[in-house]
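Colleague: Here's a structure for you.
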Amino acid sequence: MGKKVKDSITIALAGQPNVGKSTVFNMLTGLRQHVGNWPGKTVERAIGKFTHNGKTIELVDLPGTYSLTSNSEEERIARDFIIREKPDVIIAILNATALERNLYLVTELLNFPTPIVLGINMVDVSEHSGIHIEAHVLEAALGMPVIPLVATKNQGLHELMDAALLLAQNPTTFKPNRPTMQSEHQTVLTKMMSILAGNIPHLYPKEWVAIKLLEGDAEITAMIQNKSPKIWKRIEPLLMQHEDAYLDIAGGRYKWIGRMMRASVTQPKAGVITLTDRIDRVATHPTWGVILLFGALGLVFWLTYSLANPFMNWLDTLLIGPLSEFMRSILSATRAWFSGLIVDGILGGAGTVITFLPILVIFFAIIAILEDVGYMARAAYVMDRFMHRMGLHGKSFLPLFLGFGCSVPAIMGSRIIEERRARILTILLAPLVPCTARMAVITFLTPAFFDRGAILITWGLVVVNLVILVLAGVAINKFAFKGAHMAFIMELPLYHLPNLKTIGLFVWRNILSFLRKAGSIILIMSAIVWLFSYLPNQNMEKSLLASLGRWLEPAGKLMGLNDWRYIVALLNSFIAKENTIATLGILFSTNHEGLTLAARLAGTLTPASAMAFLVIQMTFIPCMATLAVIKQEMGEWKWVALSVGLYLLISFIAGISTYWIMNLVTV
Amino acid sequence: MFHRKPFGHHRGIVSHQDTSPGSLLNFPIGAHCVISHIRGGRTFISRMATLGFTIGTEVTILQNYGHGAIIVSVRNTRIALGHGEARKIQVKEQTT
């Protein structure tokens with residue numbers, strides 16, 4: 001962005017989570033929004049451009065944050081934007097039902113010179129629960145514009161923009177009432193500020209830096225330690241003496257908030273049992289809550305796949321199929337490798353991308369509804385005690401569960417997890433949940449290899465995967481994350497009706513980013529793998545892929561896979577898991593006319609080798625679409641490499657152990 | 001209960017305090033308490049203070065089944081806290 005000539009007004013939209021900030025943003029910008037990531041971050045950034053009263057406005061949606069301390073990436077992004085990009089105005093959205101807590105962020109924003117307009121959202125809900133807010137009285141107390149809003153009904157948003165615009169054009173009229181410090185801390189603060197004076201980048205307000213140091217803010221502390229070690233030497237003893245100052249400072253801020261609110265807000269008498277309380281008696285109950293969750297997720301699962309499957313088939317038969325035929329006929333005059341590359345490689349990849357769309361649309365719509373009504377937080381609460389043991393967050397449960405359908409939405413769904421470590425772990429473990437494609441392969445192959453007990457073996461394979469998931473989670477948590485305790489602190493918002501526009505735009509944004517980022521990676525990978533299976537002489541049996549399979553045979557022997565064709569089938573499952581069967585179909589086609597594939601495969605492997613192959617199939621490297629979304633979500637290839645490495649290791653160990661155990665058991 | 005002792009991430013926590021009678025965990029559903037002390041590192045205290053958990057603040061227990069996370073109401077918001085987090089918040093029961 002950088003500093004520009006003043007032809008547009010930059011407004012930052014700030015607010016704590018659960019205040020309806022995204023509804024405000026969506027109502028104001030609609031489809032006139034550009035969505036990407038914050039530079040170098042995995043946090044989504046949305047910017048909307050529109051005109052209001054003839055002025056061009058650039059509205060930047062800051063991540064929802066409780067404060068501006070560097071406890072999370074979101075908080076660092078929000079404060080860096082305010083400090084470095086210097087928006088003309090900050091619009092802070094507050095939730096009328098939790099005004100006191102929401103004003104805490106405002107006390108932090110007031111450390112910066114940027115003018116602030118307050119939008120108090122959901123005043124209809126607060127009125128309903130007996131909280132009455134006199135906006136004018138609050139405005140007079142705080143010394144800044146206060147606009148009541150019902151964003152879902154588009155009420156007050158015009159007035160909000162009027163106020164923001166007015167303040168942007170007359171910034172000197174902004175004379176807010178700023179929070180004051182208790183005297184005992186004022187002395188330390190003054191001391192620290194005089195030490196800091198002239199020694200910190202001019203962008204940072206002295207008082208704010210001093211408060212953040214008292215608060216133990218890691219980023220600001222590191223900044224002072226590294227940039228001015230001499231200053232740090234003088235500050236450190238002060239901090240040691242006032243170890244617990246922060247709790248008092250925060251208490252002081254809340255007292256100030258209380259004074260500001262005293263005349264303007266009337267609270268209801270305590271003891272009112274709300275709808276939220278009533279729903280939560282079931283939704284957050286240790287037993288009923290889990291039953292409700294499984295019921296809800298079962299429904300989600302059933303809906304997603306029963307609605308999406310007809311669409312996927314429809315897209316496949318009516319769009320991809322005819323298009324492939326058409327392209328093949330056009331390209332028939334060209335060389336075979338070229339038409340093959342276009343039709344099987346690139347169009348095949350595009351087909352993969354497109355067939356994911358129906359699942360993703362339905363899945364994201366359901367996620368958005370669950371999140372918007374406020375249920376997601378409850379689901380996370382109920383599941384946390386199970387997820388915790390693996391170093392995961394309660395919120396990890398939903399994406400992992402959806403992994404039974406497909407790993408792609410599971411990994412994209414991990415966005416709901418704010419805690420970075422839990423999110424990474426969820427993304428790494430999600431492919432261990434057997435997806436429908438993997439299930440299709442084993443339900444086909446197990447009866448081919450084993451005459452008896454095929455169903456039992458199939459279920460056993462699923463259990464093995466889940467056991468590996470738990471073991472891998474516990475192990476990664478213990479060794480990579482040193483078992484460090486992950487805090488579980490989460491707000492449970494009030495339940496409310498979902499907003500269609502918010503849900504629609506959520507789906508739109510996610511689909512767009514899937515198509516743009518993952519889509520292109522899938523196309524390229526698909527073309528490359530196709531070339532490998534085709535070159536040098538148009539025959540998969542003599543292709544580079546086959547050579548690779550033969551070269552890997554010694555490794556395969558450790559797991560009882562003496563036949564390179566099975567290795568090639570595994571390698572080809574990288575395109576899509578169901579490709580295992582298609583590849584085996586091609587490689588086992590010769591000299592066995594009249595027999596079904598299952599019959600041809602029967603007896604080609606010993607029971608021990610067959611079992612090892614099935615286990616490896618279930619734990620092998622995730623498919624390219626999964627890896628593409630890992631890249632999309634994490635931003636860096638190193639996470640893709642880590643995932644590939646992890647699954648090579650897991651499938652290798654699982655394969656070898658299965659083979660040897662089977663050999664011991666079945667003599 | 002599943003919380004493994006972290007290595008070096010804690011300050012000022014002594015294990016014999018773990019079942020201290022005054023933590024949020026020791027109060028049943030419906031109890032009204034007042035925060036008297038918050039133990040833990042700066043980051044934890046800062047997060048809690050931001051969410052409205054400051055000394056003298058009233059907290060109502062909404063859910064506590066003796067295991068796993070609990071839910072409390074503070075400053076008119078509902079907050080779920082893990083077992084380990086709730087244990088660090090020292091309270092006194094308010095007698096009305």
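Ligands are numbered from 1 in the order shown, residues from 1 within each chain, and chains are lettered A, B, ... in the order they appear in the structure tokens.
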Mind the document's chain letters and residue numbers, and return as a count of residues only the residues of stretch 20-58 of chain B that DSSP labels alpha helix (DSSP H).

Modeller: 9

Colleague: Using only C-alpha atoms, select each residue of chain B with any atom at most 6 Å away from an atom of chain A, and give the selection as number ranges by chain.

Modeller: B: 6, 42, 49, 54, 68, 76, 78-82

Colleague: As a CSV table (one decimal) with C-alpha atoms, in the first residue's frame, please: the residues near A:Leu548 (cut-off 10 Å, only C-alpha atoms, same-chain neighbours under 3 positions excluded).

Modeller:
chain,number,residue,atom,x,y,z
A,532,PHE,CA,6.0,-39.1,-16.3
A,543,SER,CA,7.4,-45.0,-18.7
A,544,LEU,CA,9.6,-42.9,-16.4
A,545,LEU,CA,7.1,-43.6,-13.7
A,551,TRP,CA,14.0,-48.5,-9.0
A,552,LEU,CA,12.0,-48.4,-5.7
A,553,GLU,CA,11.5,-52.2,-5.7
A,564,TRP,CA,6.9,-52.9,-9.2
A,567,ILE,CA,4.6,-49.4,-6.4
A,568,VAL,CA,3.6,-47.5,-9.6
A,571,LEU,CA,2.9,-43.4,-7.0

Colleague: Write out as a PyMOL selection string the residues lying within 12 Å of A:Ile656, counting only C-alpha atoms and excluding same-chain residues fewer than 3 positions away.

Modeller: chain A and resi 555-561+608-616+649-653+659-663

Colleague: Just want the 8 Å neighbourhood of A:Pro358, counted on only C-alpha atoms, with same-chain residues fewer than 5 positions away dropped. Output as a list of chain:residue names.

Modeller: A:Ala308, A:Asn309, A:Phe311, A:Met312

Colleague: Please produce an output containing all heavy atoms for each residue in the selection, written as an mmCIF file, in the first residue's frame.

Modeller:
data_model
loop_
_atom_site.group_PDB
_atom_site.id
_atom_site.type_symbol
_atom_site.label_atom_id
_atom_site.label_comp_id
_atom_site.auth_asym_id
_atom_site.auth_seq_id
_atom_site.Cartn_x
_atom_site.Cartn_y
_atom_site.Cartn_z
ATOM 1 N N ALA A 308 -23.705 -32.906 -3.139
ATOM 2 C CA ALA A 308 -22.588 -32.632 -4.038
ATOM 3 C C ALA A 308 -22.392 -33.716 -5.090
ATOM 4 O O ALA A 308 -22.034 -33.421 -6.228
ATOM 5 C CB ALA A 308 -21.309 -32.450 -3.239
ATOM 6 N N ASN A 309 -22.656 -34.990 -4.713
ATOM 7 C CA ASN A 309 -22.362 -36.071 -5.651
ATOM 8 C C ASN A 309 -23.088 -35.962 -6.994
ATOM 9 O O ASN A 309 -22.458 -36.109 -8.033
ATOM 10 C CB ASN A 309 -22.610 -37.428 -4.995
ATOM 11 C CG ASN A 309 -21.373 -37.894 -4.256
ATOM 12 O OD1 ASN A 309 -20.254 -37.544 -4.648
ATOM 13 N ND2 ASN A 309 -21.552 -38.650 -3.191
ATOM 14 N N PHE A 311 -24.078 -33.333 -8.451
ATOM 15 C CA PHE A 311 -23.450 -32.230 -9.161
ATOM 16 C C PHE A 311 -22.116 -32.637 -9.768
ATOM 17 O O PHE A 311 -21.799 -32.294 -10.901
ATOM 18 C CB PHE A 311 -23.192 -31.060 -8.201
ATOM 19 C CG PHE A 311 -24.324 -30.091 -8.149
ATOM 20 C CD1 PHE A 311 -25.190 -30.089 -7.070
ATOM 21 C CD2 PHE A 311 -24.517 -29.175 -9.171
ATOM 22 C CE1 PHE A 311 -26.242 -29.208 -7.012
ATOM 23 C CE2 PHE A 311 -25.561 -28.281 -9.119
ATOM 24 C CZ PHE A 311 -26.432 -28.294 -8.038
ATOM 25 N N MET A 312 -21.342 -33.397 -8.966
ATOM 26 C CA MET A 312 -20.032 -33.807 -9.452
ATOM 27 C C MET A 312 -20.173 -34.711 -10.663
ATOM 28 O O MET A 312 -19.457 -34.547 -11.649
ATOM 29 C CB MET A 312 -19.264 -34.520 -8.339
ATOM 30 C CG MET A 312 -18.660 -33.550 -7.348
ATOM 31 S SD MET A 312 -18.270 -34.318 -5.783
ATOM 32 C CE MET A 312 -17.018 -35.457 -6.277
#

Colleague: Please list as a PyMOL selection string every residue within 10 Å of stretch 155-166 of chain A, counting only C-alpha atoms and excluding residues in the same chain fewer than 4 positions away.

Modeller: chain A and resi 9-11+24-25+27-28+52-53+55+57+88-91+115-122+144-151+170-171+173

Colleague: At what distance in Å, to one decimal, does atom CA of B:Gly52 lie from atom CA of A:Gly258?

Modeller: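 Interatomic distance here is 11.9 Å.
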
Colleague: Residues at most 12 Å from B:Val91, counting only C-alpha atoms, excluding those fewer than 2 positions away in the same chain, as a PDB file with N, CA and C atoms, in the first residue's frame?

Modeller:
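Dumped to selection-v8.pdb:
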ATOM      1  N   SER B  20      -5.491 -25.819  44.793  1.00  0.00           N
ATOM      2  CA  SER B  20      -5.844 -24.761  45.726  1.00  0.00           C
ATOM      3  C   SER B  20      -7.354 -24.565  45.787  1.00  0.00           C
ATOM      4  N   PRO B  21      -7.916 -24.456  46.975  1.00  0.00           N
ATOM      5  CA  PRO B  21      -9.372 -24.425  47.129  1.00  0.00           C
ATOM      6  C   PRO B  21      -9.991 -23.184  46.499  1.00  0.00           C
ATOM      7  N   GLY B  22      -9.177 -22.163  46.240  1.00  0.00           N
ATOM      8  CA  GLY B  22      -9.764 -20.916  45.770  1.00  0.00           C
ATOM      9  C   GLY B  22      -9.811 -20.753  44.269  1.00  0.00           C
ATOM     10  N   SER B  23      -9.465 -21.814  43.477  1.00  0.00           N
ATOM     11  CA  SER B  23      -9.475 -21.585  42.034  1.00  0.00           C
ATOM     12  C   SER B  23     -10.893 -21.734  41.487  1.00  0.00           C
ATOM     13  N   LEU B  24     -11.102 -21.206  40.305  1.00  0.00           N
ATOM     14  CA  LEU B  24     -12.422 -21.253  39.665  1.00  0.00           C
ATOM     15  C   LEU B  24     -12.962 -22.673  39.578  1.00  0.00           C
ATOM     16  N   LEU B  25     -12.037 -23.647  39.499  1.00  0.00           N
ATOM     17  CA  LEU B  25     -12.451 -25.038  39.319  1.00  0.00           C
ATOM     18  C   LEU B  25     -13.242 -25.577  40.504  1.00  0.00           C
ATOM     19  N   ASN B  26     -13.041 -24.935  41.682  1.00  0.00           N
ATOM     20  CA  ASN B  26     -13.643 -25.503  42.881  1.00  0.00           C
ATOM     21  C   ASN B  26     -15.058 -25.028  43.148  1.00  0.00           C
ATOM     22  N   PHE B  27     -15.621 -24.307  42.218  1.00  0.00           N
ATOM     23  CA  PHE B  27     -16.961 -23.785  42.476  1.00  0.00           C
ATOM     24  C   PHE B  27     -17.987 -24.400  41.536  1.00  0.00           C
ATOM     25  N   ALA B  31     -22.367 -20.565  40.949  1.00  0.00           N
ATOM     26  CA  ALA B  31     -21.667 -19.799  41.988  1.00  0.00           C
ATOM     27  C   ALA B  31     -21.230 -18.436  41.455  1.00  0.00           C
ATOM     28  N   HIS B  32     -21.353 -17.435  42.321  1.00  0.00           N
ATOM     29  CA  HIS B  32     -20.851 -16.101  41.978  1.00  0.00           C
ATOM     30  C   HIS B  32     -19.550 -15.893  42.729  1.00  0.00           C
ATOM     31  N   CYS B  33     -18.496 -15.562  42.003  1.00  0.00           N
ATOM     32  CA  CYS B  33     -17.196 -15.402  42.638  1.00  0.00           C
ATOM     33  C   CYS B  33     -16.602 -14.050  42.280  1.00  0.00           C
ATOM     34  N   VAL B  34     -15.595 -13.652  43.065  1.00  0.00           N
ATOM     35  CA  VAL B  34     -14.868 -12.427  42.756  1.00  0.00           C
ATOM     36  C   VAL B  34     -13.396 -12.793  42.627  1.00  0.00           C
ATOM     37  N   ILE B  35     -12.758 -12.316  41.558  1.00  0.00           N
ATOM     38  CA  ILE B  35     -11.362 -12.675  41.311  1.00  0.00           C
ATOM     39  C   ILE B  35     -10.457 -12.007  42.343  1.00  0.00           C
ATOM     40  N   SER B  36      -9.592 -12.824  42.974  1.00  0.00           N
ATOM     41  CA  SER B  36      -8.675 -12.244  43.947  1.00  0.00           C
ATOM     42  C   SER B  36      -7.241 -12.237  43.432  1.00  0.00           C
ATOM     43  N   HIS B  37      -6.926 -13.157  42.530  1.00  0.00           N
ATOM     44  CA  HIS B  37      -5.546 -13.243  42.066  1.00  0.00           C
ATOM     45  C   HIS B  37      -5.508 -14.071  40.783  1.00  0.00           C
ATOM     46  N   ILE B  38      -4.608 -13.729  39.881  1.00  0.00           N
ATOM     47  CA  ILE B  38      -4.423 -14.558  38.685  1.00  0.00           C
ATOM     48  C   ILE B  38      -2.961 -14.972  38.636  1.00  0.00           C
ATOM     49  N   ARG B  39      -2.713 -16.282  38.611  1.00  0.00           N
ATOM     50  CA  ARG B  39      -1.343 -16.766  38.557  1.00  0.00           C
ATOM     51  C   ARG B  39      -0.959 -16.989  37.102  1.00  0.00           C
ATOM     52  N   PHE B  53     -10.875 -10.315  32.842  1.00  0.00           N
ATOM     53  CA  PHE B  53     -10.569 -10.957  34.120  1.00  0.00           C
ATOM     54  C   PHE B  53      -9.553 -10.103  34.869  1.00  0.00           C
ATOM     55  N   THR B  54     -10.035  -9.155  35.658  1.00  0.00           N
ATOM     56  CA  THR B  54      -9.130  -8.341  36.462  1.00  0.00           C
ATOM     57  C   THR B  54      -9.517  -8.519  37.929  1.00  0.00           C
ATOM     58  N   ILE B  55      -8.635  -8.077  38.822  1.00  0.00           N
ATOM     59  CA  ILE B  55      -8.871  -8.255  40.253  1.00  0.00           C
ATOM     60  C   ILE B  55     -10.166  -7.529  40.658  1.00  0.00           C
ATOM     61  N   GLY B  56     -10.999  -8.230  41.407  1.00  0.00           N
ATOM     62  CA  GLY B  56     -12.240  -7.620  41.873  1.00  0.00           C
ATOM     63  C   GLY B  56     -13.417  -7.824  40.925  1.00  0.00           C
ATOM     64  N   THR B  57     -13.157  -8.456  39.777  1.00  0.00           N
ATOM     65  CA  THR B  57     -14.239  -8.663  38.810  1.00  0.00           C
ATOM     66  C   THR B  57     -15.112  -9.846  39.234  1.00  0.00           C
ATOM     67  N   GLU B  58     -16.415  -9.698  39.026  1.00  0.00           N
ATOM     68  CA  GLU B  58     -17.331 -10.775  39.376  1.00  0.00           C
ATOM     69  C   GLU B  58     -17.387 -11.812  38.252  1.00  0.00           C
ATOM     70  N   VAL B  59     -17.352 -13.075  38.627  1.00  0.00           N
ATOM     71  CA  VAL B  59     -17.401 -14.172  37.658  1.00  0.00           C
ATOM     72  C   VAL B  59     -18.491 -15.145  38.096  1.00  0.00           C
ATOM     73  N   THR B  60     -19.336 -15.562  37.165  1.00  0.00           N
ATOM     74  CA  THR B  60     -20.360 -16.555  37.489  1.00  0.00           C
ATOM     75  C   THR B  60     -20.021 -17.861  36.776  1.00  0.00           C
ATOM     76  N   ILE B  61     -20.097 -18.966  37.490  1.00  0.00           N
ATOM     77  CA  ILE B  61     -19.802 -20.264  36.869  1.00  0.00           C
ATOM     78  C   ILE B  61     -21.053 -20.733  36.117  1.00  0.00           C
ATOM     79  N   ALA B  86      -8.347 -22.296  34.066  1.00  0.00           N
ATOM     80  CA  ALA B  86      -9.278 -22.007  35.161  1.00  0.00           C
ATOM     81  C   ALA B  86      -8.593 -22.151  36.513  1.00  0.00           C
ATOM     82  N   ARG B  87      -7.656 -23.111  36.579  1.00  0.00           N
ATOM     83  CA  ARG B  87      -6.972 -23.382  37.833  1.00  0.00           C
ATOM     84  C   ARG B  87      -6.125 -22.198  38.289  1.00  0.00           C
ATOM     85  N   LYS B  88      -5.686 -21.395  37.335  1.00  0.00           N
ATOM     86  CA  LYS B  88      -4.799 -20.279  37.686  1.00  0.00           C
ATOM     87  C   LYS B  88      -5.563 -19.060  38.163  1.00  0.00           C
ATOM     88  N   ILE B  89      -6.885 -19.101  38.071  1.00  0.00           N
ATOM     89  CA  ILE B  89      -7.660 -17.931  38.479  1.00  0.00           C
ATOM     90  C   ILE B  89      -8.212 -18.155  39.883  1.00  0.00           C
ATOM     91  N   GLU B  93     -15.726 -16.788  46.918  1.00  0.00           N
ATOM     92  CA  GLU B  93     -17.153 -16.828  46.637  1.00  0.00           C
ATOM     93  C   GLU B  93     -17.803 -15.582  47.214  1.00  0.00           C
ATOM     94  N   GLN B  94     -18.728 -15.042  46.410  1.00  0.00           N
ATOM     95  CA  GLN B  94     -19.413 -13.851  46.870  1.00  0.00           C
ATOM     96  C   GLN B  94     -20.641 -14.273  47.659  1.00  0.00           C
TER      97      GLN B  94
END
